[in-house]
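Engineer: Next comes the structure file model26.cif, holding mmCIF, C-alpha atoms.
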data_coords
loop_
_atom_site.group_PDB
_atom_site.id
_atom_site.type_symbol
_atom_site.label_atom_id
_atom_site.label_comp_id
_atom_site.auth_asym_id
_atom_site.auth_seq_id
_atom_site.Cartn_x
_atom_site.Cartn_y
_atom_site.Cartn_z
ATOM 1 C CA MET X 16 0.000 0.000 0.000
ATOM 2 C CA GLY X 17 1.438 3.386 -0.956
ATOM 3 C CA VAL X 18 1.474 6.087 1.673
ATOM 4 C CA GLY X 19 1.690 9.197 -0.496
ATOM 5 C CA HIS X 20 -2.008 9.814 0.017
ATOM 6 C CA LEU X 21 -1.685 9.455 3.816
ATOM 7 C CA ILE X 22 0.994 12.045 4.539
ATOM 8 C CA ASN X 23 1.022 15.790 3.876
ATOM 9 C CA LEU X 24 3.968 18.008 4.802
ATOM 10 C CA HIS X 25 3.131 21.701 5.122
ATOM 11 C CA GLY X 26 6.426 23.296 6.136
ATOM 12 C CA ALA X 27 7.102 25.574 9.092
ATOM 13 C CA LYS X 28 4.144 27.066 10.968
ATOM 14 C CA THR X 29 3.896 29.576 13.794
ATOM 15 C CA GLU X 30 0.210 28.992 14.639
ATOM 16 C CA LEU X 31 -0.558 25.289 14.934
ATOM 17 C CA THR X 32 -4.157 25.041 16.164
ATOM 18 C CA ASP X 33 -5.604 24.869 12.665
ATOM 19 C CA SER X 34 -3.000 22.298 11.626
ATOM 20 C CA PHE X 35 -3.691 20.143 14.689
ATOM 21 C CA ASN X 36 -7.427 20.314 14.002
ATOM 22 C CA LYS X 37 -6.891 19.089 10.433
ATOM 23 C CA ALA X 38 -4.351 16.380 11.333
ATOM 24 C CA ASN X 39 -4.992 12.724 12.078
ATOM 25 C CA PHE X 40 -1.639 12.057 13.786
ATOM 26 C CA SER X 41 1.445 13.751 15.099
ATOM 27 C CA ILE X 42 4.740 12.130 14.155
ATOM 28 C CA ASN X 43 7.922 12.844 16.099
ATOM 29 C CA THR X 44 11.146 11.415 14.680
ATOM 30 C CA SER X 45 13.583 13.014 17.119
ATOM 31 C CA LEU X 46 16.959 11.460 17.793
ATOM 32 C CA ALA X 47 16.795 12.866 21.351
ATOM 33 C CA GLU X 48 14.175 14.722 23.381
ATOM 34 C CA ALA X 49 13.490 16.134 26.787
ATOM 35 C CA ILE X 50 9.740 16.522 27.213
ATOM 36 C CA SER X 51 8.513 17.454 23.744
ATOM 37 C CA LEU X 52 6.124 20.393 23.719
ATOM 38 C CA SER X 53 5.023 19.446 20.211
ATOM 39 C CA ILE X 54 3.957 16.030 21.506
ATOM 40 C CA LEU X 55 2.104 17.587 24.440
ATOM 41 C CA GLU X 56 0.351 20.046 22.110
ATOM 42 C CA ALA X 57 -0.686 17.241 19.780
ATOM 43 C CA MET X 58 -2.012 15.240 22.722
ATOM 44 C CA ALA X 59 -3.976 18.253 23.965
ATOM 45 C CA HIS X 60 -5.691 18.287 20.571
ATOM 46 C CA GLY X 61 -6.503 14.589 20.894
ATOM 47 C CA LEU X 62 -4.073 13.408 18.256
ATOM 48 C CA PRO X 63 -2.442 10.015 18.498
ATOM 49 C CA VAL X 64 1.325 10.465 18.605
ATOM 50 C CA ILE X 65 3.756 8.267 16.720
ATOM 51 C CA ALA X 66 7.153 8.950 18.268
ATOM 52 C CA SER X 67 10.671 7.630 18.166
ATOM 53 C CA ARG X 68 11.579 5.457 21.135
ATOM 54 C CA VAL X 69 14.046 7.876 22.755
ATOM 55 C CA THR X 70 14.411 9.371 26.225
ATOM 56 C CA GLY X 71 11.765 12.011 26.757
ATOM 57 C CA ASN X 72 9.327 10.535 24.270
ATOM 58 C CA VAL X 73 9.077 7.293 26.246
ATOM 59 C CA ASP X 74 8.285 9.342 29.349
ATOM 60 C CA ILE X 75 5.031 10.659 27.878
ATOM 61 C CA VAL X 76 4.078 8.296 25.048
ATOM 62 C CA LYS X 77 2.880 4.929 26.284
ATOM 63 C CA ASP X 78 2.808 2.466 23.413
ATOM 64 C CA ASN X 79 -0.731 1.510 22.351
ATOM 65 C CA ILE X 80 -2.248 3.591 25.169
ATOM 66 C CA ASN X 81 -1.814 7.217 24.134
ATOM 67 C CA GLY X 82 0.287 6.752 21.028
ATOM 68 C CA PHE X 83 2.858 4.557 19.414
ATOM 69 C CA LEU X 84 6.612 4.275 19.731
ATOM 70 C CA PHE X 85 8.930 3.117 16.987
ATOM 71 C CA GLU X 86 12.608 2.276 16.746
ATOM 72 C CA LEU X 87 14.650 4.824 14.803
ATOM 73 C CA ASP X 88 16.214 2.068 12.728
ATOM 74 C CA LYS X 89 12.738 0.783 11.759
ATOM 75 C CA PRO X 90 10.940 3.687 10.050
ATOM 76 C CA GLU X 91 8.506 1.245 8.466
ATOM 77 C CA GLU X 92 6.899 0.979 11.923
ATOM 78 C CA VAL X 93 5.602 4.549 11.482
ATOM 79 C CA ILE X 94 3.642 3.521 8.412
ATOM 80 C CA GLU X 95 2.399 0.369 10.134
ATOM 81 C CA ARG X 96 1.042 2.420 13.048
ATOM 82 C CA ILE X 97 -0.687 4.886 10.727
ATOM 83 C CA ILE X 98 -2.336 2.059 8.820
ATOM 84 C CA ASP X 99 -3.328 0.256 12.052
ATOM 85 C CA CYS X 100 -5.043 3.380 13.346
ATOM 86 C CA LYS X 101 -6.710 4.202 10.041
ATOM 87 C CA LEU X 102 -8.115 0.682 9.859
ATOM 88 C CA ASN X 103 -9.285 0.554 13.482
ATOM 89 C CA GLN X 104 -11.208 3.657 14.524
ATOM 90 C CA LYS X 105 -11.793 2.215 18.025
ATOM 91 C CA ILE X 106 -8.024 2.267 18.688
ATOM 92 C CA TYR X 107 -7.823 5.803 17.287
ATOM 93 C CA GLN X 108 -10.702 7.049 19.452
ATOM 94 C CA ASN X 109 -9.319 5.424 22.622
ATOM 95 C CA ILE X 110 -5.870 6.921 22.076
ATOM 96 C CA SER X 111 -7.381 10.313 21.306
ATOM 97 C CA LEU X 112 -9.435 10.290 24.515
ATOM 98 C CA ASN X 113 -6.480 9.004 26.567
ATOM 99 C CA ASN X 114 -4.364 11.921 25.309
ATOM 100 C CA ILE X 115 -6.938 14.558 26.146
ATOM 101 C CA ASN X 116 -7.325 13.087 29.645
ATOM 102 C CA LEU X 117 -3.543 12.803 30.146
ATOM 103 C CA ILE X 118 -3.074 16.490 29.373
ATOM 104 C CA LYS X 119 -5.967 17.554 31.613
ATOM 105 C CA GLU X 120 -4.702 15.434 34.520
ATOM 106 C CA ASN X 121 -0.957 16.067 34.241
ATOM 107 C CA PHE X 122 -0.198 19.115 32.116
ATOM 108 C CA SER X 123 -3.016 21.628 32.592
ATOM 109 C CA ILE X 124 -2.021 25.283 32.746
ATOM 110 C CA GLN X 125 -3.029 25.437 36.409
ATOM 111 C CA LEU X 126 -1.033 22.353 37.353
ATOM 112 C CA MET X 127 2.034 23.476 35.420
ATOM 113 C CA ALA X 128 1.823 26.941 37.028
ATOM 114 C CA GLU X 129 1.646 25.341 40.496
ATOM 115 C CA ARG X 130 4.654 23.127 39.731
ATOM 116 C CA THR X 131 6.644 26.077 38.409
ATOM 117 C CA LYS X 132 5.753 28.178 41.468
ATOM 118 C CA LYS X 133 6.866 25.321 43.726
ATOM 119 C CA VAL X 134 10.238 25.035 41.959
ATOM 120 C CA TYR X 135 10.812 28.794 42.248
ATOM 121 C CA ALA X 136 9.881 28.710 45.935
ATOM 122 C CA GLU X 137 12.311 25.830 46.555
ATOM 123 C CA VAL X 138 15.124 27.640 44.736
ATOM 124 C CA LEU X 139 14.476 30.953 46.498
ATOM 125 C CA ASN X 140 14.266 29.316 49.917
ATOM 126 C CA GLY X 141 17.466 27.377 49.342
#
What does this structure look like when you write it as structure tokens?

Structural biologist:
Amino acid sequence: MGVGHLINLHGAKTELTDSFNKANFSINTSLAEAISLSILEAMAHGLPVIASRVTGNVDIVKDNINGFLFELDKPEEVIERIIDCKLNQKIYQNISLNNINLIKENFSIQLMAERTKKVYAEVLNG
């Protein structure tokens, strides 16, 4: 099965909401990551994430729960995951819902502000 009809590359963007709303997946092929904001943003929009199995990505993407991980030396796994999700809407919907819930429970603006405030307080108080 060819994949040319499954993937569109649109170049650099500064405002991503419209792109996330039109997308079916977010693919991250990083060689190394901390905590990827692009992955978190995609999850907040309910997109399944297909990410390289590297430090950082494995901390937030749980394979077959809120996305898919692939080995960098096996790029064909990306295509397999896209096809799996396209063929099974139940998997897609579950992953989408899991991502929205993960962001709400762990990365909301309020929670992140509280965590940041706590770190500053700890640093300032020695």

Engineer: Interatomic distance between CA of Ile42 (chain X) and CA of Tyr107 (chain X)?

Structural biologist: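 Between CA of Ile42 (chain X) and CA of Tyr107 (chain X) the gap is 14.4 Å.
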
Engineer: I'd like to see the residues matched by the PyMOL selection byres ((chain X and resi 72) around 10) on this file, and ideally I'd get them as a PyMOL selection string.

Structural biologist: chain X and resi 43-45+47-51+54+64-71+73-77+84

Engineer: Report, in Å to a single decimal, how far apart CA of Asn39 (chain X) and CA of Leu112 (chain X) are.

Structural biologist: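 Those two atoms sit 13.4 Å apart.
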
Engineer: Tell me which residues the PyMOL selection byres ((chain X and resi 55) around 10) grabs here, as an mmCIF file with C-alpha atoms, in the frame of the given file.

Structural biologist:
data_model
loop_
_atom_site.group_PDB
_atom_site.id
_atom_site.type_symbol
_atom_site.label_atom_id
_atom_site.label_comp_id
_atom_site.auth_asym_id
_atom_site.auth_seq_id
_atom_site.Cartn_x
_atom_site.Cartn_y
_atom_site.Cartn_z
ATOM 1 C CA ILE X 50 9.740 16.522 27.213
ATOM 2 C CA SER X 51 8.513 17.454 23.744
ATOM 3 C CA LEU X 52 6.124 20.393 23.719
ATOM 4 C CA SER X 53 5.023 19.446 20.211
ATOM 5 C CA ILE X 54 3.957 16.030 21.506
ATOM 6 C CA GLU X 56 0.351 20.046 22.110
ATOM 7 C CA ALA X 57 -0.686 17.241 19.780
ATOM 8 C CA MET X 58 -2.012 15.240 22.722
ATOM 9 C CA ALA X 59 -3.976 18.253 23.965
ATOM 10 C CA HIS X 60 -5.691 18.287 20.571
ATOM 11 C CA GLY X 61 -6.503 14.589 20.894
ATOM 12 C CA LEU X 62 -4.073 13.408 18.256
ATOM 13 C CA VAL X 64 1.325 10.465 18.605
ATOM 14 C CA ILE X 75 5.031 10.659 27.878
ATOM 15 C CA VAL X 76 4.078 8.296 25.048
ATOM 16 C CA ASN X 114 -4.364 11.921 25.309
ATOM 17 C CA ILE X 115 -6.938 14.558 26.146
ATOM 18 C CA LEU X 117 -3.543 12.803 30.146
ATOM 19 C CA ILE X 118 -3.074 16.490 29.373
ATOM 20 C CA PHE X 122 -0.198 19.115 32.116
#

Engineer: Determine the nearest neighbour of Gly82 (chain X) from the options X:Phe35, X:Asn121, X:Ser41, X:Lys101, counting only C-alpha atoms.

Structural biologist: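 Using only C-alpha atoms, the shortest distance to Gly82 (chain X) belongs to X:Ser41.
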
Engineer: Counting only C-alpha atoms, which residue out of X:Phe40, X:Lys133, X:Glu30, X:Asn140 sits closest to Cys100 (chain X)?

Structural biologist: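 Going through X:Phe40, X:Lys133, X:Glu30, X:Asn140 one by one, the smallest distance to Cys100 (chain X) is for X:Phe40.
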
Engineer: So what do you get for CA of Thr32 (chain X) versus CA of Leu87 (chain X), distance-wise?

Structural biologist: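 So the answer is 27.6 Å.
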
Engineer: Padding of 5 Å on every side, edges along x, y and z, all listed atoms of region 47-58 of chain X included: what centre and edge lengths in Å, to one decimal, does that box have, as AutoDock Vina command-line options?

Structural biologist:
--center_x 7.4 --center_y 16.6 --center_z 23.5 --size_x 28.8 --size_y 17.5 --size_z 17.4

Engineer: Calculated over only C-alpha atoms, which of the candidates X:Thr29, X:Lys119, X:Ile80, X:Pro63 has the smallest distance to Val93 (chain X)?

Structural biologist: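 The shortest atom-to-atom distance to Val93 (chain X) comes from X:Pro63.
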
Engineer: Go through X:Ala136, X:Asn79, X:Ala128, X:Glu91 and flag the residue nearest Lys105 (chain X), using all atoms listed in the file for the distances.

Structural biologist: X:Asn79
